[in-house]
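Raw contents of final10.pdb, PDB, N, CA and C atoms and all ligand atoms:
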```pdb
ATOM      1  N   THR K   1      -9.470  -7.758   5.800
ATOM      2  CA  THR K   1      -8.914  -6.527   5.256
ATOM      3  C   THR K   1      -7.749  -6.822   4.327
ATOM      4  N   TYR K   2      -7.412  -5.858   3.497
ATOM      5  CA  TYR K   2      -6.244  -6.006   2.626
ATOM      6  C   TYR K   2      -5.101  -5.197   3.218
ATOM      7  N   VAL K   3      -3.871  -5.599   2.839
ATOM      8  CA  VAL K   3      -2.685  -5.032   3.457
ATOM      9  C   VAL K   3      -1.668  -4.649   2.379
ATOM     10  N   VAL K   4      -1.026  -3.499   2.540
ATOM     11  CA  VAL K   4       0.051  -3.115   1.625
ATOM     12  C   VAL K   4       1.351  -3.680   2.205
ATOM     13  N   THR K   5       2.128  -4.349   1.377
ATOM     14  CA  THR K   5       3.340  -5.015   1.861
ATOM     15  C   THR K   5       4.606  -4.466   1.192
ATOM     16  N   GLU K   6       5.697  -5.084   1.533
ATOM     17  CA  GLU K   6       7.051  -4.616   1.189
ATOM     18  C   GLU K   6       7.271  -4.077  -0.218
ATOM     19  N   ASN K   7       6.670  -4.710  -1.200
ATOM     20  CA  ASN K   7       7.018  -4.284  -2.563
ATOM     21  C   ASN K   7       6.528  -2.885  -2.933
ATOM     22  N   CYS K   8       5.699  -2.309  -2.085
ATOM     23  CA  CYS K   8       5.261  -0.920  -2.333
ATOM     24  C   CYS K   8       6.369   0.078  -2.005
ATOM     25  N   VAL K   9       7.258  -0.289  -1.084
ATOM     26  CA  VAL K   9       8.294   0.649  -0.636
ATOM     27  C   VAL K   9       9.128   1.142  -1.832
ATOM     28  N   ARG K  10       9.205   2.440  -1.951
ATOM     29  CA  ARG K  10       9.941   3.131  -3.025
ATOM     30  C   ARG K  10       9.356   2.918  -4.422
ATOM     31  N   CYS K  11       8.273   2.183  -4.532
ATOM     32  CA  CYS K  11       7.590   2.044  -5.828
ATOM     33  C   CYS K  11       6.423   3.034  -5.828
ATOM     34  N   LYS K  12       5.558   2.909  -4.814
ATOM     35  CA  LYS K  12       4.472   3.867  -4.599
ATOM     36  C   LYS K  12       3.813   4.323  -5.908
ATOM     37  N   PHE K  13       3.319   3.360  -6.656
ATOM     38  CA  PHE K  13       2.702   3.674  -7.947
ATOM     39  C   PHE K  13       1.346   4.389  -7.801
ATOM     40  N   MET K  14       0.652   4.110  -6.717
ATOM     41  CA  MET K  14      -0.613   4.782  -6.389
ATOM     42  C   MET K  14      -1.815   4.473  -7.274
ATOM     43  N   ASP K  15      -1.711   3.468  -8.128
ATOM     44  CA  ASP K  15      -2.897   3.058  -8.908
ATOM     45  C   ASP K  15      -3.998   2.596  -7.951
ATOM     46  N   CYS K  16      -3.590   2.069  -6.831
ATOM     47  CA  CYS K  16      -4.519   1.515  -5.846
ATOM     48  C   CYS K  16      -5.523   2.547  -5.326
ATOM     49  N   VAL K  17      -5.066   3.762  -5.091
ATOM     50  CA  VAL K  17      -5.945   4.749  -4.454
ATOM     51  C   VAL K  17      -7.116   5.168  -5.346
ATOM     52  N   GLU K  18      -6.919   5.062  -6.631
ATOM     53  CA  GLU K  18      -7.954   5.506  -7.578
ATOM     54  C   GLU K  18      -9.174   4.591  -7.585
ATOM     55  N   VAL K  19      -8.984   3.349  -7.207
ATOM     56  CA  VAL K  19     -10.095   2.396  -7.320
ATOM     57  C   VAL K  19     -10.805   2.078  -6.004
ATOM     58  N   CYS K  20     -10.219   2.482  -4.886
ATOM     59  CA  CYS K  20     -10.824   2.110  -3.598
ATOM     60  C   CYS K  20     -12.157   2.830  -3.390
ATOM     61  N   PRO K  21     -13.244   2.068  -3.219
ATOM     62  CA  PRO K  21     -14.575   2.688  -3.070
ATOM     63  C   PRO K  21     -14.763   3.421  -1.752
ATOM     64  N   VAL K  22     -13.927   3.145  -0.766
ATOM     65  CA  VAL K  22     -14.101   3.801   0.534
ATOM     66  C   VAL K  22     -12.909   4.707   0.907
ATOM     67  N   ASP K  23     -12.029   4.941  -0.064
ATOM     68  CA  ASP K  23     -10.901   5.866   0.143
ATOM     69  C   ASP K  23     -10.137   5.614   1.446
ATOM     70  N   CYS K  24      -9.675   4.389   1.601
ATOM     71  CA  CYS K  24      -9.028   4.068   2.878
ATOM     72  C   CYS K  24      -7.513   3.903   2.789
ATOM     73  N   PHE K  25      -6.902   4.563   1.779
ATOM     74  CA  PHE K  25      -5.435   4.542   1.690
ATOM     75  C   PHE K  25      -4.851   5.782   2.357
ATOM     76  N   TYR K  26      -3.692   5.605   2.985
ATOM     77  CA  TYR K  26      -2.996   6.691   3.680
ATOM     78  C   TYR K  26      -1.544   6.700   3.206
ATOM     79  N   ALA K  27      -1.016   7.897   2.950
ATOM     80  CA  ALA K  27       0.271   8.001   2.273
ATOM     81  C   ALA K  27       1.416   8.502   3.126
ATOM     82  N   GLY K  28       2.506   7.736   3.102
ATOM     83  CA  GLY K  28       3.767   8.169   3.678
ATOM     84  C   GLY K  28       4.633   8.671   2.540
ATOM     85  N   GLU K  29       5.866   8.961   2.849
ATOM     86  CA  GLU K  29       6.789   9.500   1.860
ATOM     87  C   GLU K  29       7.056   8.526   0.708
ATOM     88  N   ASN K  30       7.283   7.268   1.034
ATOM     89  CA  ASN K  30       7.590   6.311  -0.040
ATOM     90  C   ASN K  30       6.829   4.993   0.076
ATOM     91  N   PHE K  31       5.668   5.056   0.734
ATOM     92  CA  PHE K  31       4.882   3.837   0.986
ATOM     93  C   PHE K  31       3.447   4.245   1.297
ATOM     94  N   LEU K  32       2.515   3.360   0.995
ATOM     95  CA  LEU K  32       1.118   3.607   1.323
ATOM     96  C   LEU K  32       0.621   2.518   2.270
ATOM     97  N   VAL K  33      -0.390   2.835   3.037
ATOM     98  CA  VAL K  33      -0.996   1.807   3.890
ATOM     99  C   VAL K  33      -2.514   1.839   3.733
ATOM    100  N   ILE K  34      -3.138   0.750   4.137
ATOM    101  CA  ILE K  34      -4.601   0.637   4.134
ATOM    102  C   ILE K  34      -5.070   0.671   5.586
ATOM    103  N   ASN K  35      -6.099   1.454   5.859
ATOM    104  CA  ASN K  35      -6.671   1.483   7.209
ATOM    105  C   ASN K  35      -7.566   0.249   7.380
ATOM    106  N   PRO K  36      -7.169  -0.658   8.264
ATOM    107  CA  PRO K  36      -7.928  -1.905   8.426
ATOM    108  C   PRO K  36      -9.336  -1.691   8.967
ATOM    109  N   ASP K  37      -9.559  -0.564   9.624
ATOM    110  CA  ASP K  37     -10.891  -0.288  10.172
ATOM    111  C   ASP K  37     -11.851   0.238   9.112
ATOM    112  N   GLU K  38     -11.297   0.682   7.994
ATOM    113  CA  GLU K  38     -12.127   1.247   6.939
ATOM    114  C   GLU K  38     -12.256   0.349   5.711
ATOM    115  N   CYS K  39     -11.268  -0.504   5.497
ATOM    116  CA  CYS K  39     -11.281  -1.400   4.332
ATOM    117  C   CYS K  39     -12.490  -2.334   4.404
ATOM    118  N   ILE K  40     -13.233  -2.421   3.289
ATOM    119  CA  ILE K  40     -14.421  -3.280   3.269
ATOM    120  C   ILE K  40     -14.141  -4.614   2.593
ATOM    121  N   ASP K  41     -12.845  -4.879   2.355
ATOM    122  CA  ASP K  41     -12.455  -6.200   1.865
ATOM    123  C   ASP K  41     -12.973  -6.499   0.460
ATOM    124  N   CYS K  42     -13.131  -5.474  -0.352
ATOM    125  CA  CYS K  42     -13.703  -5.699  -1.687
ATOM    126  C   CYS K  42     -12.704  -6.338  -2.647
ATOM    127  N   GLY K  43     -11.403  -6.127  -2.404
ATOM    128  CA  GLY K  43     -10.380  -6.745  -3.253
ATOM    129  C   GLY K  43     -10.103  -6.029  -4.562
ATOM    130  N   VAL K  44     -10.755  -4.932  -4.815
ATOM    131  CA  VAL K  44     -10.601  -4.220  -6.091
ATOM    132  C   VAL K  44      -9.175  -3.686  -6.292
ATOM    133  N   CYS K  45      -8.534  -3.287  -5.211
ATOM    134  CA  CYS K  45      -7.189  -2.705  -5.332
ATOM    135  C   CYS K  45      -6.113  -3.730  -5.652
ATOM    136  N   GLU K  46      -6.304  -4.948  -5.246
ATOM    137  CA  GLU K  46      -5.246  -5.972  -5.359
ATOM    138  C   GLU K  46      -4.673  -6.100  -6.771
ATOM    139  N   PRO K  47      -5.512  -6.294  -7.801
ATOM    140  CA  PRO K  47      -4.951  -6.435  -9.149
ATOM    141  C   PRO K  47      -4.457  -5.142  -9.770
ATOM    142  N   GLU K  48      -4.773  -3.998  -9.156
ATOM    143  CA  GLU K  48      -4.361  -2.704  -9.726
ATOM    144  C   GLU K  48      -2.904  -2.372  -9.450
ATOM    145  N   CYS K  49      -2.321  -2.957  -8.429
ATOM    146  CA  CYS K  49      -0.943  -2.604  -8.057
ATOM    147  C   CYS K  49       0.072  -3.242  -8.999
ATOM    148  N   PRO K  50       0.865  -2.414  -9.723
ATOM    149  CA  PRO K  50       1.861  -2.944 -10.657
ATOM    150  C   PRO K  50       2.968  -3.726  -9.945
ATOM    151  N   ALA K  51       3.124  -3.480  -8.647
ATOM    152  CA  ALA K  51       4.178  -4.157  -7.891
ATOM    153  C   ALA K  51       3.638  -5.367  -7.120
ATOM    154  N   GLU K  52       2.345  -5.628  -7.277
ATOM    155  CA  GLU K  52       1.697  -6.735  -6.557
ATOM    156  C   GLU K  52       1.987  -6.681  -5.055
ATOM    157  N   ALA K  53       1.890  -5.481  -4.528
ATOM    158  CA  ALA K  53       2.197  -5.280  -3.108
ATOM    159  C   ALA K  53       0.992  -5.435  -2.192
ATOM    160  N   ILE K  54      -0.211  -5.527  -2.774
ATOM    161  CA  ILE K  54      -1.418  -5.595  -1.945
ATOM    162  C   ILE K  54      -1.916  -7.039  -1.838
ATOM    163  N   VAL K  55      -2.067  -7.493  -0.600
ATOM    164  CA  VAL K  55      -2.503  -8.875  -0.367
ATOM    165  C   VAL K  55      -3.579  -8.914   0.709
ATOM    166  N   PRO K  56      -4.395  -9.974   0.706
ATOM    167  CA  PRO K  56      -5.360 -10.112   1.808
ATOM    168  C   PRO K  56      -4.607 -10.417   3.098
ATOM    169  N   ASP K  57      -5.155 -10.042   4.238
ATOM    170  CA  ASP K  57      -4.411 -10.256   5.489
ATOM    171  C   ASP K  57      -4.261 -11.731   5.845
ATOM    172  N   SER K  58      -4.966 -12.583   5.122
ATOM    173  CA  SER K  58      -4.831 -14.023   5.350
ATOM    174  C   SER K  58      -3.578 -14.573   4.671
ATOM    175  N   ASP K  59      -2.976 -13.777   3.785
ATOM    176  CA  ASP K  59      -1.787 -14.198   3.059
ATOM    177  C   ASP K  59      -0.570 -14.231   3.997
ATOM    178  N   ASP K  60       0.296 -15.219   3.806
ATOM    179  CA  ASP K  60       1.495 -15.339   4.647
ATOM    180  C   ASP K  60       2.353 -14.077   4.612
ATOM    181  N   SER K  61       2.443 -13.462   3.443
ATOM    182  CA  SER K  61       3.314 -12.297   3.297
ATOM    183  C   SER K  61       2.762 -11.062   4.014
ATOM    184  N   ALA K  62       1.525 -11.127   4.478
ATOM    185  CA  ALA K  62       0.911  -9.974   5.147
ATOM    186  C   ALA K  62       1.303  -9.873   6.614
ATOM    187  N   ALA K  63       1.728 -10.973   7.172
ATOM    188  CA  ALA K  63       1.950 -11.099   8.613
ATOM    189  C   ALA K  63       2.403  -9.833   9.336
ATOM    190  N   SER K  64       3.642  -9.454   9.207
ATOM    191  CA  SER K  64       4.142  -8.319   9.977
ATOM    192  C   SER K  64       3.686  -6.980   9.412
ATOM    193  N   TRP K  65       3.172  -6.988   8.205
ATOM    194  CA  TRP K  65       2.781  -5.730   7.566
ATOM    195  C   TRP K  65       1.409  -5.247   8.012
ATOM    196  N   ALA K  66       0.583  -6.148   8.484
ATOM    197  CA  ALA K  66      -0.761  -5.770   8.911
ATOM    198  C   ALA K  66      -0.697  -4.747  10.049
ATOM    199  N   GLU K  67       0.167  -5.006  10.980
ATOM    200  CA  GLU K  67       0.334  -4.124  12.134
ATOM    201  C   GLU K  67       0.849  -2.747  11.686
ATOM    202  N   LEU K  68       1.772  -2.792  10.738
ATOM    203  CA  LEU K  68       2.364  -1.556  10.233
ATOM    204  C   LEU K  68       1.322  -0.712   9.489
ATOM    205  N   ASN K  69       0.432  -1.367   8.733
ATOM    206  CA  ASN K  69      -0.638  -0.640   8.040
ATOM    207  C   ASN K  69      -1.536   0.055   9.054
ATOM    208  N   ALA K  70      -1.909  -0.657  10.100
ATOM    209  CA  ALA K  70      -2.790  -0.087  11.118
ATOM    210  C   ALA K  70      -2.122   1.104  11.805
ATOM    211  N   LYS K  71      -0.848   0.950  12.102
ATOM    212  CA  LYS K  71      -0.109   1.997  12.809
ATOM    213  C   LYS K  71      -0.035   3.288  11.991
ATOM    214  N   TYR K  72       0.389   3.165  10.740
ATOM    215  CA  TYR K  72       0.581   4.376   9.943
ATOM    216  C   TYR K  72      -0.713   4.954   9.379
ATOM    217  N   ALA K  73      -1.758   4.151   9.299
ATOM    218  CA  ALA K  73      -3.043   4.680   8.839
ATOM    219  C   ALA K  73      -3.540   5.744   9.817
ATOM    220  N   ALA K  74      -3.115   5.619  11.057
ATOM    221  CA  ALA K  74      -3.531   6.580  12.081
ATOM    222  C   ALA K  74      -2.666   7.836  12.076
ATOM    223  N   LEU K  75      -1.521   7.767  11.396
ATOM    224  CA  LEU K  75      -0.572   8.880  11.437
ATOM    225  C   LEU K  75      -0.451   9.644  10.124
ATOM    226  N   TRP K  76      -0.646   8.959   9.022
ATOM    227  CA  TRP K  76      -0.415   9.577   7.715
ATOM    228  C   TRP K  76      -1.709  10.149   7.126
ATOM    229  N   PRO K  77      -1.597  11.106   6.174
ATOM    230  CA  PRO K  77      -2.793  11.692   5.557
ATOM    231  C   PRO K  77      -3.465  10.762   4.553
ATOM    232  N   ASN K  78      -4.750  10.926   4.426
ATOM    233  CA  ASN K  78      -5.535  10.159   3.471
ATOM    234  C   ASN K  78      -5.119  10.544   2.041
ATOM    235  N   ILE K  79      -5.170   9.582   1.133
ATOM    236  CA  ILE K  79      -4.856   9.872  -0.275
ATOM    237  C   ILE K  79      -5.903   9.210  -1.169
ATOM    238  N   THR K  80      -6.478  10.005  -2.085
ATOM    239  CA  THR K  80      -7.535   9.469  -2.946
ATOM    240  C   THR K  80      -7.241   9.678  -4.420
ATOM    241  N   ARG K  81      -6.210  10.458  -4.720
ATOM    242  CA  ARG K  81      -5.857  10.717  -6.119
ATOM    243  C   ARG K  81      -4.431  10.309  -6.364
ATOM    244  N   LYS K  82      -4.222   9.639  -7.484
ATOM    245  CA  LYS K  82      -2.895   9.178  -7.856
ATOM    246  C   LYS K  82      -1.975  10.365  -8.136
ATOM    247  N   GLY K  83      -0.834  10.402  -7.489
ATOM    248  CA  GLY K  83       0.159  11.433  -7.766
ATOM    249  C   GLY K  83       1.229  10.874  -8.682
ATOM    250  N   THR K  84       2.373  11.523  -8.707
ATOM    251  CA  THR K  84       3.471  11.056  -9.543
ATOM    252  C   THR K  84       4.327  10.066  -8.756
ATOM    253  N   ALA K  85       4.498   8.897  -9.315
ATOM    254  CA  ALA K  85       5.316   7.877  -8.650
ATOM    255  C   ALA K  85       6.777   8.327  -8.661
ATOM    256  N   PRO K  86       7.606   7.799  -7.753
ATOM    257  CA  PRO K  86       9.021   8.160  -7.752
ATOM    258  C   PRO K  86       9.636   7.875  -9.130
ATOM    259  N   ALA K  87      10.581   8.710  -9.536
ATOM    260  CA  ALA K  87      11.187   8.575 -10.865
ATOM    261  C   ALA K  87      11.842   7.203 -11.051
ATOM    262  N   ASP K  88      12.356   6.646  -9.942
ATOM    263  CA  ASP K  88      13.034   5.348 -10.046
ATOM    264  C   ASP K  88      12.169   4.185  -9.553
ATOM    265  N   ALA K  89      10.855   4.398  -9.571
ATOM    266  CA  ALA K  89       9.930   3.372  -9.068
ATOM    267  C   ALA K  89      10.132   2.016  -9.748
ATOM    268  N   GLU K  90      10.284   2.030 -11.057
ATOM    269  CA  GLU K  90      10.443   0.763 -11.793
ATOM    270  C   GLU K  90      11.716   0.027 -11.359
ATOM    271  N   ASP K  91      12.769   0.779 -11.039
ATOM    272  CA  ASP K  91      14.037   0.156 -10.629
ATOM    273  C   ASP K  91      13.908  -0.576  -9.296
ATOM    274  N   TRP K  92      12.983  -0.077  -8.449
ATOM    275  CA  TRP K  92      12.828  -0.663  -7.118
ATOM    276  C   TRP K  92      11.847  -1.819  -7.088
ATOM    277  N   LYS K  93      11.133  -2.016  -8.172
ATOM    278  CA  LYS K  93      10.131  -3.087  -8.226
ATOM    279  C   LYS K  93      10.805  -4.445  -8.008
ATOM    280  N   ASP K  94      10.248  -5.217  -7.086
ATOM    281  CA  ASP K  94      10.734  -6.566  -6.781
ATOM    282  C   ASP K  94      12.122  -6.625  -6.148
ATOM    283  N   LYS K  95      12.674  -5.514  -5.740
ATOM    284  CA  LYS K  95      13.955  -5.542  -5.014
ATOM    285  C   LYS K  95      13.693  -6.103  -3.617
ATOM    286  N   PRO K  96      14.594  -6.930  -3.094
ATOM    287  CA  PRO K  96      14.391  -7.513  -1.754
ATOM    288  C   PRO K  96      14.778  -6.535  -0.650
ATOM    289  N   ASN K  97      14.394  -6.869   0.556
ATOM    290  CA  ASN K  97      14.800  -6.119   1.755
ATOM    291  C   ASN K  97      14.540  -4.612   1.689
ATOM    292  N   LYS K  98      13.338  -4.251   1.270
ATOM    293  CA  LYS K  98      13.021  -2.823   1.191
ATOM    294  C   LYS K  98      12.411  -2.285   2.475
ATOM    295  N   ARG K  99      12.093  -3.176   3.374
ATOM    296  CA  ARG K  99      11.415  -2.748   4.602
ATOM    297  C   ARG K  99      12.186  -1.651   5.348
ATOM    298  N   GLU K 100      13.496  -1.829   5.444
ATOM    299  CA  GLU K 100      14.303  -0.859   6.182
ATOM    300  C   GLU K 100      14.378   0.494   5.484
ATOM    301  N   LEU K 101      13.936   0.558   4.224
ATOM    302  CA  LEU K 101      13.985   1.802   3.467
ATOM    303  C   LEU K 101      12.702   2.612   3.608
ATOM    304  N   LEU K 102      11.714   2.023   4.295
ATOM    305  CA  LEU K 102      10.437   2.705   4.469
ATOM    306  C   LEU K 102      10.630   3.977   5.294
ATOM    307  N   SER K 103      10.216   5.093   4.741
ATOM    308  CA  SER K 103      10.307   6.365   5.466
ATOM    309  C   SER K 103       9.056   6.591   6.287
ATOM    310  N   SER K 104       9.245   6.763   7.570
ATOM    311  CA  SER K 104       8.085   7.031   8.410
ATOM    312  C   SER K 104       8.153   8.491   8.807
TER     313      SER K 104
HETATM  314 FE1  LIG Q   1     -10.148  -0.288  -0.642
HETATM  315 FE2  LIG Q   1     -11.313  -2.579  -1.366
HETATM  316 FE3  LIG Q   1      -8.659  -2.374  -1.378
HETATM  317 FE4  LIG Q   1      -9.965  -2.434   0.939
HETATM  318  S1  LIG Q   1      -9.835  -4.080  -0.566
HETATM  319  S2  LIG Q   1      -8.297  -1.042   0.385
HETATM  320  S3  LIG Q   1     -11.834  -1.323   0.408
HETATM  321  S4  LIG Q   1     -10.087  -1.232  -2.691
HETATM  322 FE1  LIG Q   2       2.029   0.905  -3.490
HETATM  323 FE2  LIG Q   2       1.050  -0.609  -5.360
HETATM  324 FE3  LIG Q   2      -0.413   1.267  -4.380
HETATM  325  S1  LIG Q   2       3.131   0.141  -5.263
HETATM  326  S2  LIG Q   2       1.057   2.822  -3.826
HETATM  327  S3  LIG Q   2       0.340  -0.468  -3.259
HETATM  328  S4  LIG Q   2      -0.332   0.681  -6.484
END
```
Translate the structure of the given file into structure tokens.
Amino acid sequence: TYVVTENCVRCKFMDCVEVCPVDCFYAGENFLVINPDECIDCGVCEPECPAEAIVPDSDDSAASWAELNAKYAALWPNITRKGTAPADAEDWKDKPNKRELLSS
């Protein structure tokens, strides 16, 4: 499965949701997650993210985020259409330590 990781926090560009063939993205206030039970591992979303926040779960950077994706996929609503990204999304791109800023 693929996993949304830290760099999505406060960026939430949402290009990813438009390309997923199985619509398995779920949206929080400032972060998106992938439902691991629905993802078919196609990899189409990975290059679409301007923040490079999507990685395969085999990637080192996915480690603690895989669990978080599974958890919030069960709680947040499904999203299939790109909305408006936060006005300051570009400013937050590649900023470190964004995990604590994730709104649940
Ligand atoms: Fe959707 Fe494919 Fe990305 Fe999984 S890897 S979230 S199925 S686009
Ligand atoms: Fe997040 Fe990238 Fe999608 S910033 S909302 S994973 S396009």
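Shortest separation to Ile40 of chain K among K:Val4, K:Ala66, K:Cys11, K:Cys24 occurs at residue K:Cys24, atoms counted being all atoms listed in the file.
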Rounded to one decimal, what separation in Å do you get between atom C of Cys39 of chain K and atom CA of Tyr2 of chain K?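 Spanning atom C of Cys39 of chain K to atom CA of Tyr2 of chain K is a straight-line distance of 7.5 Å.
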Let's see if you can do this: from backbone DSSP, list all alpha helix (DSSP H) residues in segment 29-78 of chain K, as JSON, numbers by chain. {"K": [63, 64, 65, 66, 67, 68, 69, 70, 71, 72, 73]}
Would you write out, as JSON, numbers by chain, every residue that the PyMOL selection byres (((chain K and resi 68-72) around 6) and not hetatm) captures in this file? {"K": [33, 34, 35, 36, 64, 65, 66, 67, 73, 74, 75, 76]}
Okay, now the selection with N, CA and C atoms, as an mmCIF file, in the coordinates of the input?
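The new file result-v8.cif reads:
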```cif
data_model
loop_
_atom_site.group_PDB
_atom_site.id
_atom_site.type_symbol
_atom_site.label_atom_id
_atom_site.label_comp_id
_atom_site.auth_asym_id
_atom_site.auth_seq_id
_atom_site.Cartn_x
_atom_site.Cartn_y
_atom_site.Cartn_z
ATOM 1 N N VAL K 33 -0.390 2.835 3.037
ATOM 2 C CA VAL K 33 -0.996 1.807 3.890
ATOM 3 C C VAL K 33 -2.514 1.839 3.733
ATOM 4 N N ILE K 34 -3.138 0.750 4.137
ATOM 5 C CA ILE K 34 -4.601 0.637 4.134
ATOM 6 C C ILE K 34 -5.070 0.671 5.586
ATOM 7 N N ASN K 35 -6.099 1.454 5.859
ATOM 8 C CA ASN K 35 -6.671 1.483 7.209
ATOM 9 C C ASN K 35 -7.566 0.249 7.380
ATOM 10 N N PRO K 36 -7.169 -0.658 8.264
ATOM 11 C CA PRO K 36 -7.928 -1.905 8.426
ATOM 12 C C PRO K 36 -9.336 -1.691 8.967
ATOM 13 N N SER K 64 3.642 -9.454 9.207
ATOM 14 C CA SER K 64 4.142 -8.319 9.977
ATOM 15 C C SER K 64 3.686 -6.980 9.412
ATOM 16 N N TRP K 65 3.172 -6.988 8.205
ATOM 17 C CA TRP K 65 2.781 -5.730 7.566
ATOM 18 C C TRP K 65 1.409 -5.247 8.012
ATOM 19 N N ALA K 66 0.583 -6.148 8.484
ATOM 20 C CA ALA K 66 -0.761 -5.770 8.911
ATOM 21 C C ALA K 66 -0.697 -4.747 10.049
ATOM 22 N N GLU K 67 0.167 -5.006 10.980
ATOM 23 C CA GLU K 67 0.334 -4.124 12.134
ATOM 24 C C GLU K 67 0.849 -2.747 11.686
ATOM 25 N N ALA K 73 -1.758 4.151 9.299
ATOM 26 C CA ALA K 73 -3.043 4.680 8.839
ATOM 27 C C ALA K 73 -3.540 5.744 9.817
ATOM 28 N N ALA K 74 -3.115 5.619 11.057
ATOM 29 C CA ALA K 74 -3.531 6.580 12.081
ATOM 30 C C ALA K 74 -2.666 7.836 12.076
ATOM 31 N N LEU K 75 -1.521 7.767 11.396
ATOM 32 C CA LEU K 75 -0.572 8.880 11.437
ATOM 33 C C LEU K 75 -0.451 9.644 10.124
ATOM 34 N N TRP K 76 -0.646 8.959 9.022
ATOM 35 C CA TRP K 76 -0.415 9.577 7.715
ATOM 36 C C TRP K 76 -1.709 10.149 7.126
#
```
How close does segment 35-90 of chain K get to segment 14-20 of chain K? List, as a tab-separated table, each residue of segment 35-90 of chain K within 8 Å, its nearest atom pair and the distance in Å to one decimal, counting only N, CA and C atoms.
```
residue	atom	partner	partner_atom	distance
K:Val44	C	K:Val19	C	6.0
K:Cys45	CA	K:Cys16	CA	5.0
K:Glu46	N	K:Cys16	CA	6.7
K:Pro47	C	K:Cys16	CA	7.7
K:Glu48	C	K:Cys16	N	5.2
K:Cys49	N	K:Cys16	N	5.4
K:Pro50	N	K:Asp15	N	6.6
K:Ile79	C	K:Val17	CA	5.5
K:Thr80	C	K:Val17	C	4.6
K:Arg81	N	K:Val17	C	5.4
K:Lys82	CA	K:Met14	C	4.9
K:Gly83	N	K:Met14	CA	5.7
K:Thr84	C	K:Met14	N	7.3
K:Ala85	CA	K:Met14	N	6.3
K:Pro86	N	K:Met14	N	7.9
```
Hits of the PyMOL selection byres (((chain K and resi 89-92) around 7) and not hetatm) in this structure, as a ChimeraX atom specification: /K:7,9-12,85-88,93-95
Could you check the closest approach to ligand LIG 1 (chain Q) for each of K:Gly43, K:Asn30, K:Cys8, K:Phe13 and tell me which residue wins, using only N, CA and C atoms and all ligand atoms?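 Closest to ligand LIG 1 (chain Q) of all the choices is K:Gly43.
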Nearest to Ala27 of chain K among K:Glu6, K:Asn78, K:Glu52, K:Thr1, with distances taken over only N, CA and C atoms: which residue is it?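 Closest residue, counting only N, CA and C atoms: K:Asn78.
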Could you tell me how far atom S3 of ligand LIG 2 (chain Q) sits from atom CA of Phe31 of chain K, in Å to one decimal place?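 One can read the atom CA of Phe31 of chain K to atom S3 of ligand LIG 2 (chain Q) distance as 7.6 Å.
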For ligand LIG 1 (chain Q), take all atoms listed in the file, fit an axis-aligned box around them, add 3 Å to each of the six sides, then output centre and edge lengths in Å rounded to one decimal, as JSON.
```
{"center_x": -10.1, "center_y": -2.2, "center_z": -0.9, "size_x": 9.5, "size_y": 9.8, "size_z": 9.6}
```
Looking at all atoms listed in the file, which of K:Ala51, K:Cys42, K:Ala63, K:Val3 is the one that sits closest to ligand LIG 1 (chain Q)?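 Closest candidate: K:Cys42.
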Judged by all atoms listed in the file, the minimum distance to ligand LIG 1 (chain Q) among K:Glu100, K:Glu29, K:Asp37, K:Asp23 is found for K:Asp23
How far is it from atom C of Lys98 of chain K to atom C of Leu32 of chain K, in Å with one decimal?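 One can read the atom C of Lys98 of chain K to atom C of Leu32 of chain K distance as 12.7 Å.
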K:Val22, K:Glu38, K:Leu101, K:Val55: which is nearest ligand LIG 2 (chain Q), counting only C-alpha atoms and all ligand atoms?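 When distances to ligand LIG 2 (chain Q) are compared using only C-alpha atoms and all ligand atoms, the smallest one comes from K:Val55.
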Strand (DSSP E) residues, from DSSP on the backbone, in segment 30-78 of chain K, as a PyMOL selection string: chain K and resi 32-34+54-56
